[in-house]
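Trainee: Structure supplied as query36.pdb; contents: PDB, C-alpha atoms.
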```
ATOM      1  CA  MET Q 721      10.305  12.836 -22.607
ATOM      2  CA  PHE Q 722       8.403   9.571 -22.865
ATOM      3  CA  THR Q 723       9.438   8.928 -26.446
ATOM      4  CA  ASP Q 724      11.787   6.507 -28.149
ATOM      5  CA  LYS Q 725      14.493   9.153 -28.156
ATOM      6  CA  ASN Q 726      17.288   8.642 -25.652
ATOM      7  CA  TYR Q 727      17.983  11.633 -23.423
ATOM      8  CA  THR Q 728      20.850  12.320 -21.067
ATOM      9  CA  GLU Q 729      20.098  13.555 -17.561
ATOM     10  CA  GLN Q 730      21.340  17.014 -18.503
ATOM     11  CA  GLU Q 731      19.068  17.114 -21.547
ATOM     12  CA  ILE Q 732      16.087  16.141 -19.404
ATOM     13  CA  PHE Q 733      16.914  18.820 -16.846
ATOM     14  CA  THR Q 734      17.366  21.466 -19.544
ATOM     15  CA  LYS Q 735      14.117  20.502 -21.260
ATOM     16  CA  PHE Q 736      12.248  20.651 -17.954
ATOM     17  CA  GLU Q 737      13.808  24.022 -17.150
ATOM     18  CA  GLU Q 738      12.688  25.387 -20.509
ATOM     19  CA  ILE Q 739       9.115  24.323 -19.759
ATOM     20  CA  VAL Q 740       8.880  25.672 -16.189
ATOM     21  CA  ASN Q 741      11.309  28.619 -16.566
ATOM     22  CA  GLU Q 742      12.787  27.988 -13.116
ATOM     23  CA  VAL Q 743      13.466  24.710 -11.344
ATOM     24  CA  ASN Q 744      12.327  25.173  -7.762
ATOM     25  CA  ARG Q 745      10.127  23.463  -5.175
ATOM     26  CA  GLU Q 746       6.917  24.529  -6.876
ATOM     27  CA  SER Q 747       7.944  23.457 -10.365
ATOM     28  CA  LEU Q 748       9.327  20.158  -9.066
ATOM     29  CA  ASP Q 749       5.999  19.477  -7.347
ATOM     30  CA  ILE Q 750       4.291  20.062 -10.692
ATOM     31  CA  GLY Q 751       6.754  17.741 -12.425
ATOM     32  CA  ILE Q 752       6.229  15.013  -9.834
ATOM     33  CA  GLY Q 753       2.476  15.437 -10.220
ATOM     34  CA  VAL Q 754       2.799  14.784 -13.946
ATOM     35  CA  LEU Q 755       4.919  11.680 -13.322
ATOM     36  CA  VAL Q 756       2.453  10.375 -10.741
ATOM     37  CA  GLU Q 757      -0.497  10.962 -13.065
ATOM     38  CA  TYR Q 758       1.347   9.309 -15.947
ATOM     39  CA  LYS Q 759       2.198   6.260 -13.864
ATOM     40  CA  ASN Q 760      -1.288   6.070 -12.348
ATOM     41  CA  ASP Q 761      -2.564   5.678 -15.897
ATOM     42  CA  HIS Q 762      -0.628   2.383 -15.922
ATOM     43  CA  LYS Q 763       1.868   3.707 -18.425
ATOM     44  CA  GLU Q 764       5.105   1.795 -18.088
ATOM     45  CA  SER Q 765       8.401   3.305 -19.143
ATOM     46  CA  ASP Q 766      12.084   2.745 -18.523
ATOM     47  CA  LYS Q 767      12.484   6.536 -18.418
ATOM     48  CA  TYR Q 768      11.213   6.943 -14.829
ATOM     49  CA  PRO Q 769      14.573   6.322 -13.090
ATOM     50  CA  LEU Q 770      16.383   8.643 -15.506
ATOM     51  CA  ILE Q 771      13.867  11.469 -15.028
ATOM     52  CA  ILE Q 772      13.826  10.986 -11.244
ATOM     53  CA  SER Q 773      17.610  11.206 -11.173
ATOM     54  CA  ALA Q 774      17.850  14.121 -13.620
ATOM     55  CA  LEU Q 775      15.440  16.269 -11.613
ATOM     56  CA  SER Q 776      16.828  15.191  -8.217
ATOM     57  CA  ILE Q 777      13.344  14.095  -7.217
ATOM     58  CA  VAL Q 778      14.632  11.843  -4.437
ATOM     59  CA  GLU Q 779      16.346  14.806  -2.793
ATOM     60  CA  HIS Q 780      13.209  16.904  -3.253
ATOM     61  CA  LEU Q 781      11.081  14.264  -1.539
ATOM     62  CA  GLU Q 782      13.646  14.019   1.259
ATOM     63  CA  ARG Q 783      13.015  17.695   1.996
ATOM     64  CA  LYS Q 784       9.254  17.130   1.947
ATOM     65  CA  PHE Q 785       9.584  14.260   4.405
ATOM     66  CA  ASP Q 786      11.483  16.569   6.755
ATOM     67  CA  SER Q 787       9.055  19.452   6.290
ATOM     68  CA  ARG Q 788       7.078  20.784   9.241
ATOM     69  CA  SER Q 789       4.007  20.669   7.037
ATOM     70  CA  ASN Q 790       1.940  17.512   7.515
ATOM     71  CA  SER Q 791       0.377  17.950   4.079
ATOM     72  CA  GLU Q 792       3.845  17.939   2.484
ATOM     73  CA  LYS Q 793       4.762  14.785   4.393
ATOM     74  CA  ILE Q 794       1.574  13.070   3.228
ATOM     75  CA  ASP Q 795       2.251  14.149  -0.365
ATOM     76  CA  ALA Q 796       5.736  12.653  -0.066
ATOM     77  CA  PHE Q 797       4.348   9.343   1.267
ATOM     78  CA  GLN Q 798       1.930   9.060  -1.634
ATOM     79  CA  GLU Q 799       4.412  10.184  -4.298
ATOM     80  CA  ALA Q 800       7.084   7.782  -3.061
ATOM     81  CA  PHE Q 801       4.515   4.981  -3.201
ATOM     82  CA  VAL Q 802       3.307   5.692  -6.743
ATOM     83  CA  LEU Q 803       6.842   6.192  -8.070
ATOM     84  CA  ASP Q 804       7.921   2.991  -6.297
ATOM     85  CA  LEU Q 805      10.800   4.666  -4.469
ATOM     86  CA  ASN Q 806      11.409   1.940  -1.911
ATOM     87  CA  LYS Q 807      14.585   3.644  -0.716
ATOM     88  CA  PHE Q 808      12.224   5.652   1.498
ATOM     89  CA  ASP Q 809      11.028   2.529   3.299
ATOM     90  CA  SER Q 810      13.031   3.185   6.471
ATOM     91  CA  LYS Q 811      12.272   6.909   6.435
ATOM     92  CA  ILE Q 812       8.536   6.279   6.175
ATOM     93  CA  LEU Q 813       8.816   3.762   8.999
ATOM     94  CA  ARG Q 814       9.809   6.597  11.357
ATOM     95  CA  TYR Q 815       6.392   8.163  10.883
ATOM     96  CA  ALA Q 816       4.470   4.930  11.343
ATOM     97  CA  TYR Q 817       4.293   5.631  15.070
ATOM     98  CA  SER Q 818       3.472   9.330  14.807
ATOM     99  CA  LYS Q 819       1.012  10.734  17.342
ATOM    100  CA  ASN Q 820      -0.807  12.326  14.418
ATOM    101  CA  LYS Q 821      -3.399   9.762  13.293
ATOM    102  CA  LEU Q 822      -3.429  10.881   9.649
ATOM    103  CA  ILE Q 823       0.365  10.856   9.367
ATOM    104  CA  ARG Q 824       0.514   7.476  11.105
ATOM    105  CA  SER Q 825      -2.131   5.984   8.811
ATOM    106  CA  GLU Q 826      -0.578   7.297   5.589
ATOM    107  CA  ALA Q 827       2.895   6.192   6.673
ATOM    108  CA  ARG Q 828       1.708   2.674   7.428
ATOM    109  CA  ASN Q 829      -0.162   2.417   4.152
ATOM    110  CA  SER Q 830       2.870   3.627   2.185
ATOM    111  CA  HIS Q 831       5.132   1.276   4.106
ATOM    112  CA  LEU Q 832       2.882  -1.624   3.150
ATOM    113  CA  ALA Q 833       3.341  -0.689  -0.486
ATOM    114  CA  LEU Q 834       7.075  -0.027  -0.451
ATOM    115  CA  SER Q 835       8.598  -2.420   2.039
ATOM    116  CA  SER Q 836       9.976  -5.792   1.029
ATOM    117  CA  ASN Q 837      10.930  -6.527   4.648
ATOM    118  CA  ASP Q 838       7.824  -7.711   6.531
ATOM    119  CA  PRO Q 839       5.576  -5.037   4.984
ATOM    120  CA  TYR Q 840       2.525  -6.282   6.892
ATOM    121  CA  ARG Q 841       3.906  -5.657  10.356
ATOM    122  CA  PHE Q 842       1.285  -2.965  10.876
ATOM    123  CA  PHE Q 843      -1.683  -5.276  10.499
ATOM    124  CA  ASP Q 844      -1.596  -5.873  14.226
ATOM    125  CA  GLU Q 845      -1.440  -2.115  14.827
ATOM    126  CA  PHE Q 846      -4.868  -1.327  13.345
ATOM    127  CA  ASP Q 847      -6.931  -0.343  16.355
ATOM    128  CA  LYS Q 848     -10.237   0.620  14.758
ATOM    129  CA  SER Q 849     -12.810  -0.693  12.328
ATOM    130  CA  LEU Q 850     -11.702  -0.408   8.724
ATOM    131  CA  SER Q 851     -13.598   2.050   6.577
ATOM    132  CA  LYS Q 852     -14.474   1.190   2.979
ATOM    133  CA  TRP Q 853     -11.703   3.540   1.893
ATOM    134  CA  ASP Q 854      -9.226   1.725   4.179
ATOM    135  CA  GLU Q 855     -10.238  -1.545   2.541
ATOM    136  CA  ILE Q 856      -9.849  -0.151  -0.980
ATOM    137  CA  GLU Q 857      -6.382   1.217  -0.201
ATOM    138  CA  LEU Q 858      -5.242  -1.971   1.521
ATOM    139  CA  MET Q 859      -6.524  -4.063  -1.369
ATOM    140  CA  GLN Q 860      -4.569  -1.924  -3.834
ATOM    141  CA  TYR Q 861      -1.406  -2.389  -1.801
ATOM    142  CA  LEU Q 862      -1.934  -6.142  -1.521
ATOM    143  CA  GLU Q 863      -2.420  -6.313  -5.283
ATOM    144  CA  LEU Q 864       0.842  -4.424  -5.724
ATOM    145  CA  GLN Q 865       2.614  -6.943  -3.499
ATOM    146  CA  LYS Q 866       1.087  -9.784  -5.526
ATOM    147  CA  ASN Q 867       2.295  -8.228  -8.773
ATOM    148  CA  ARG Q 868       5.761  -7.977  -7.242
ATOM    149  CA  GLY Q 869       5.584 -11.607  -6.187
ATOM    150  CA  ASN Q 870       5.808 -10.572  -2.524
ATOM    151  CA  LEU Q 871       2.294 -11.352  -1.327
ATOM    152  CA  GLU Q 872       2.688 -13.435   1.805
ATOM    153  CA  GLY Q 873       0.102 -15.699   3.365
ATOM    154  CA  LEU Q 874      -2.376 -13.722   5.449
ATOM    155  CA  GLY Q 875      -3.095 -16.522   7.907
ATOM    156  CA  LYS Q 876      -0.769 -15.152  10.599
ATOM    157  CA  TRP Q 877      -2.809 -11.972  11.027
ATOM    158  CA  ILE Q 878      -6.145 -13.742  10.680
ATOM    159  CA  ASN Q 879      -5.073 -16.012  13.491
ATOM    160  CA  TYR Q 880      -3.693 -13.430  15.898
ATOM    161  CA  SER Q 881      -5.356 -10.084  15.174
ATOM    162  CA  LYS Q 882      -7.765  -8.831  17.836
ATOM    163  CA  ASN Q 883      -9.419  -6.487  15.335
ATOM    164  CA  ASP Q 884     -12.506  -8.286  13.992
ATOM    165  CA  SER Q 885     -12.911  -5.754  11.182
ATOM    166  CA  LEU Q 886      -9.373  -6.457   9.966
ATOM    167  CA  VAL Q 887      -9.868 -10.220  10.319
ATOM    168  CA  VAL Q 888     -13.019 -10.109   8.161
ATOM    169  CA  PHE Q 889     -11.187  -8.090   5.515
ATOM    170  CA  LEU Q 890      -8.167 -10.413   5.479
ATOM    171  CA  ILE Q 891     -10.338 -13.525   5.241
ATOM    172  CA  LYS Q 892     -12.045 -11.885   2.269
ATOM    173  CA  MET Q 893      -8.623 -11.201   0.700
ATOM    174  CA  VAL Q 894      -7.623 -14.844   1.145
ATOM    175  CA  GLY Q 895     -10.550 -15.734  -1.103
ATOM    176  CA  PHE Q 896      -9.835 -12.928  -3.545
ATOM    177  CA  PHE Q 897      -6.179 -13.915  -3.977
ATOM    178  CA  LYS Q 898      -6.944 -17.654  -3.782
ATOM    179  CA  GLN Q 899      -4.376 -18.199  -1.051
ATOM    180  CA  LYS Q 900      -3.758 -21.783  -0.052
ATOM    181  CA  GLY Q 901      -2.444 -23.475   3.053
ATOM    182  CA  ILE Q 902      -4.589 -21.849   5.725
ATOM    183  CA  ASP Q 903      -7.586 -24.175   5.578
ATOM    184  CA  ASP Q 904      -7.336 -25.020   9.274
ATOM    185  CA  ILE Q 905      -7.348 -21.348  10.279
ATOM    186  CA  LEU Q 906     -10.431 -20.648   8.160
ATOM    187  CA  ILE Q 907     -12.261 -23.685   9.532
ATOM    188  CA  GLU Q 908     -11.362 -22.612  13.060
ATOM    189  CA  LYS Q 909     -12.926 -19.214  12.335
ATOM    190  CA  LEU Q 910     -16.254 -20.964  11.776
ATOM    191  CA  GLU Q 911     -16.495 -21.043  15.567
ATOM    192  CA  ASP Q 912     -15.405 -17.449  16.129
ATOM    193  CA  ASP Q 913     -17.448 -15.346  18.555
ATOM    194  CA  ASN Q 914     -18.008 -12.683  15.885
ATOM    195  CA  GLU Q 915     -20.786 -13.517  13.425
ATOM    196  CA  LEU Q 916     -19.227 -11.420  10.640
ATOM    197  CA  VAL Q 917     -15.994 -13.392  10.957
ATOM    198  CA  ARG Q 918     -17.930 -16.674  10.812
ATOM    199  CA  ALA Q 919     -19.947 -15.536   7.801
ATOM    200  CA  GLN Q 920     -16.872 -14.417   5.853
ATOM    201  CA  ALA Q 921     -15.079 -17.663   6.699
ATOM    202  CA  ILE Q 922     -17.973 -19.604   5.129
ATOM    203  CA  LEU Q 923     -17.867 -17.456   1.987
ATOM    204  CA  THR Q 924     -14.099 -17.752   1.614
ATOM    205  CA  LEU Q 925     -14.102 -21.507   2.181
ATOM    206  CA  GLY Q 926     -16.662 -21.728  -0.614
ATOM    207  CA  GLU Q 927     -14.578 -19.537  -2.936
ATOM    208  CA  LEU Q 928     -11.562 -21.768  -2.315
ATOM    209  CA  ASN Q 929     -13.621 -24.929  -2.834
ATOM    210  CA  ILE Q 930     -12.531 -26.227   0.552
ATOM    211  CA  ALA Q 931     -14.759 -29.048   1.733
ATOM    212  CA  ILE Q 932     -15.850 -28.761   5.348
ATOM    213  CA  ILE Q 933     -17.732 -31.210   7.483
ATOM    214  CA  GLU Q 934     -21.454 -30.699   6.967
ATOM    215  CA  THR Q 935     -22.212 -30.721  10.688
ATOM    216  CA  GLU Q 936     -19.661 -27.931  11.252
ATOM    217  CA  LEU Q 937     -21.339 -25.808   8.595
ATOM    218  CA  ILE Q 938     -24.815 -26.422  10.029
ATOM    219  CA  GLU Q 939     -23.619 -25.503  13.524
ATOM    220  CA  CYS Q 940     -21.984 -22.361  12.173
ATOM    221  CA  ILE Q 941     -25.144 -21.283  10.325
ATOM    222  CA  ILE Q 942     -27.156 -21.819  13.509
ATOM    223  CA  LEU Q 943     -24.692 -19.612  15.410
ATOM    224  CA  ILE Q 944     -25.033 -16.874  12.794
TER     225      ILE Q 944
END
```
I'd like the structure from this file rewritten - as structure tokens, please.

Mentor:
Amino acid sequence: MFTDKNYTEQEIFTKFEEIVNEVNRESLDIGIGVLVEYKNDHKESDKYPLIISALSIVEHLERKFDSRSNSEKIDAFQEAFVLDLNKFDSKILRYAYSKNKLIRSEARNSHLALSSNDPYRFFDEFDKSLSKWDEIELMQYLELQKNRGNLEGLGKWINYSKNDSLVVFLIKMVGFFKQKGIDDILIEKLEDDNELVRAQAILTLGELNIAIIETELIECIILI
């Protein structure tokens, strides 16, 4: 289907039906898996919307979101994210406060990726130390926002978050994405009670080539 030939929705559906014999939940899951794998390989195509519409994938994911199975819900979160189906933003938001920790975490991560309306609102909801996997996933989502042109300044959460692990990560991301305009916040973090926060602030200030008063740096190093 990913060729130069132009297909109608009916032709796509018929071709898919010929391949899988019967279009049902199982075969649609297989089809979505192929689309996700194809897109994860960074293969761009203007055929995605047509295929998604032809196979009624949005409706299929709607059913998975409403499933009693947590694994199906999680699959739907991840598939909606990869296929960039931001129409599910509000639906995913419902699960962001689930009592189930895994559902809540996956919903928040997917919401970060899909939402164009304050997607980082959950930064202040992280209530535990970030694992390396958490950091990798969050970095991927932040990169996606940057590619969309929606990456906001991270200073707000650095300034107000009570989670030192998150603060360290966000300060690191400020350096990675070369964000400007939060010099004062970074310099203030040189006097933070947490030594990891102070250390990362020094590294990020260096990456951004922000000059700081020598005495402040010496005092900070002594504190560390």

Trainee: Hey, what comes out of the PyMOL selection byres ((chain Q and resi 769-782) around 6) on this file? Could you write it as an NGL selection string?

Mentor: :Q and (729 or 733 or 767-768 or 783-785 or 796)

Trainee: Kindly export the residues of the current selection with C-alpha atoms, as a PDB file, in the frame of the given file.

Mentor:
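Full text of result28.pdb as output:
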```pdb
ATOM      1  CA  GLU Q 729      20.098  13.555 -17.561  1.00  0.00           C
ATOM      2  CA  PHE Q 733      16.914  18.820 -16.846  1.00  0.00           C
ATOM      3  CA  LYS Q 767      12.484   6.536 -18.418  1.00  0.00           C
ATOM      4  CA  TYR Q 768      11.213   6.943 -14.829  1.00  0.00           C
ATOM      5  CA  ARG Q 783      13.015  17.695   1.996  1.00  0.00           C
ATOM      6  CA  LYS Q 784       9.254  17.130   1.947  1.00  0.00           C
ATOM      7  CA  PHE Q 785       9.584  14.260   4.405  1.00  0.00           C
ATOM      8  CA  ALA Q 796       5.736  12.653  -0.066  1.00  0.00           C
TER       9      ALA Q 796
END
```

Trainee: From the list Q:Asp766, Q:Glu855, Q:Asp903, Q:Asp847, which residue is nearest Lys725 of chain Q when using all atoms listed in the file?

Mentor: Q:Asp766

Trainee: So what does the PyMOL selection byres ((chain Q and resi 920) around 9) actually pick up in this one, as a PyMOL selection string?

Mentor: chain Q and resi 888-889+891-892+909-910+915-919+921-925

Trainee: With C-alpha atoms retained, could you export that selection as a PDB file, in the coordinates of the input?

Mentor:
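Output contents, as saved in part_31.pdb:
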```pdb
ATOM      1  CA  VAL Q 888     -13.019 -10.109   8.161  1.00  0.00           C
ATOM      2  CA  PHE Q 889     -11.187  -8.090   5.515  1.00  0.00           C
ATOM      3  CA  ILE Q 891     -10.338 -13.525   5.241  1.00  0.00           C
ATOM      4  CA  LYS Q 892     -12.045 -11.885   2.269  1.00  0.00           C
ATOM      5  CA  LYS Q 909     -12.926 -19.214  12.335  1.00  0.00           C
ATOM      6  CA  LEU Q 910     -16.254 -20.964  11.776  1.00  0.00           C
ATOM      7  CA  GLU Q 915     -20.786 -13.517  13.425  1.00  0.00           C
ATOM      8  CA  LEU Q 916     -19.227 -11.420  10.640  1.00  0.00           C
ATOM      9  CA  VAL Q 917     -15.994 -13.392  10.957  1.00  0.00           C
ATOM     10  CA  ARG Q 918     -17.930 -16.674  10.812  1.00  0.00           C
ATOM     11  CA  ALA Q 919     -19.947 -15.536   7.801  1.00  0.00           C
ATOM     12  CA  ALA Q 921     -15.079 -17.663   6.699  1.00  0.00           C
ATOM     13  CA  ILE Q 922     -17.973 -19.604   5.129  1.00  0.00           C
ATOM     14  CA  LEU Q 923     -17.867 -17.456   1.987  1.00  0.00           C
ATOM     15  CA  THR Q 924     -14.099 -17.752   1.614  1.00  0.00           C
ATOM     16  CA  LEU Q 925     -14.102 -21.507   2.181  1.00  0.00           C
TER      17      LEU Q 925
END
```

Trainee: For the provided coordinates, the residues matched by the PyMOL selection byres ((chain Q and resi 871) around 10) should be stated as a list in words.

Mentor: Ser836, Pro839, Tyr840, Tyr861, Leu862, Glu863, Leu864, Gln865, Lys866, Asn867, Arg868, Gly869, Asn870, Glu872, Gly873, Leu874, Phe897 and Gln899 of chain Q

Trainee: In Å, how far is it from atom CA of Asn806 of chain Q to atom CA of Ser830 of chain Q?

Mentor: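 Separating atom CA of Asn806 of chain Q from atom CA of Ser830 of chain Q is a distance of 9.6 Å.
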
Trainee: Using Å and a single decimal, report how far atom CA of Gln860 of chain Q sits from atom CA of Leu755 of chain Q.

Mentor: 19.1 Å

Trainee: Looking at only C-alpha atoms, which of Q:Ile794, Q:Ile902, Q:Ile732, Q:Ile907 is the one that sits closest to Tyr815 of chain Q?

Mentor: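 Using only C-alpha atoms, the shortest distance to Tyr815 of chain Q belongs to Q:Ile794.
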
Trainee: Closest to Val802 of chain Q among Q:Val887, Q:Val754, Q:Ile823, Q:Ala816, using only C-alpha atoms?

Mentor: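 Comparing Q:Val887, Q:Val754, Q:Ile823, Q:Ala816 against Val802 of chain Q, the winner is Q:Val754.
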
Trainee: For the structure just given, write the atoms of segment 818-871 of chain Q, namely C-alpha atoms, as a CSV table (one decimal), in the first residue's frame.

Mentor:
```csv
chain,number,residue,atom,x,y,z
Q,818,SER,CA,-6.5,5.9,37.2
Q,819,LYS,CA,-5.8,4.1,40.4
Q,820,ASN,CA,-3.9,1.6,38.4
Q,821,LYS,CA,-0.3,2.9,38.4
Q,822,LEU,CA,0.7,1.3,35.1
Q,823,ILE,CA,-2.4,2.7,33.3
Q,824,ARG,CA,-1.9,6.1,34.9
Q,825,SER,CA,1.8,6.2,33.9
Q,826,GLU,CA,1.1,5.1,30.3
Q,827,ALA,CA,-1.8,7.5,29.9
Q,828,ARG,CA,0.3,10.4,31.2
Q,829,ASN,CA,3.2,9.5,28.9
Q,830,SER,CA,0.8,9.2,25.9
Q,831,HIS,CA,-0.9,12.5,26.8
Q,832,LEU,CA,2.5,14.2,26.8
Q,833,ALA,CA,3.1,13.0,23.3
Q,834,LEU,CA,-0.4,13.8,21.8
Q,835,SER,CA,-1.6,16.9,23.6
Q,836,SER,CA,-1.1,20.3,22.2
Q,837,ASN,CA,-3.0,21.8,25.1
Q,838,ASP,CA,-0.6,22.1,28.1
Q,839,PRO,CA,0.9,18.6,27.5
Q,840,TYR,CA,3.2,18.9,30.5
Q,841,ARG,CA,0.6,19.3,33.1
Q,842,PHE,CA,1.6,15.9,34.6
Q,843,PHE,CA,5.1,17.0,35.4
Q,844,ASP,CA,3.9,18.1,38.8
Q,845,GLU,CA,2.1,14.7,39.3
Q,846,PHE,CA,5.2,12.6,39.2
Q,847,ASP,CA,5.5,11.3,42.8
Q,848,LYS,CA,8.5,9.0,42.6
Q,849,SER,CA,12.1,9.0,41.4
Q,850,LEU,CA,12.4,8.6,37.6
Q,851,SER,CA,13.8,5.4,36.3
Q,852,LYS,CA,16.2,5.4,33.4
Q,853,TRP,CA,13.3,4.0,31.3
Q,854,ASP,CA,11.1,6.9,32.4
Q,855,GLU,CA,13.8,9.3,31.4
Q,856,ILE,CA,14.2,7.7,27.9
Q,857,GLU,CA,10.5,7.8,27.3
Q,858,LEU,CA,10.1,11.4,28.5
Q,859,MET,CA,13.1,12.5,26.3
Q,860,GLN,CA,11.5,10.9,23.3
Q,861,TYR,CA,8.2,12.7,23.9
Q,862,LEU,CA,10.0,16.0,24.5
Q,863,GLU,CA,11.9,15.5,21.2
Q,864,LEU,CA,8.5,14.8,19.5
Q,865,GLN,CA,7.2,18.1,20.9
Q,866,LYS,CA,10.3,19.9,19.6
Q,867,ASN,CA,9.9,18.5,16.2
Q,868,ARG,CA,6.3,19.7,16.2
Q,869,GLY,CA,7.4,23.1,17.3
Q,870,ASN,CA,5.5,22.7,20.6
Q,871,LEU,CA,8.4,22.4,23.1
```
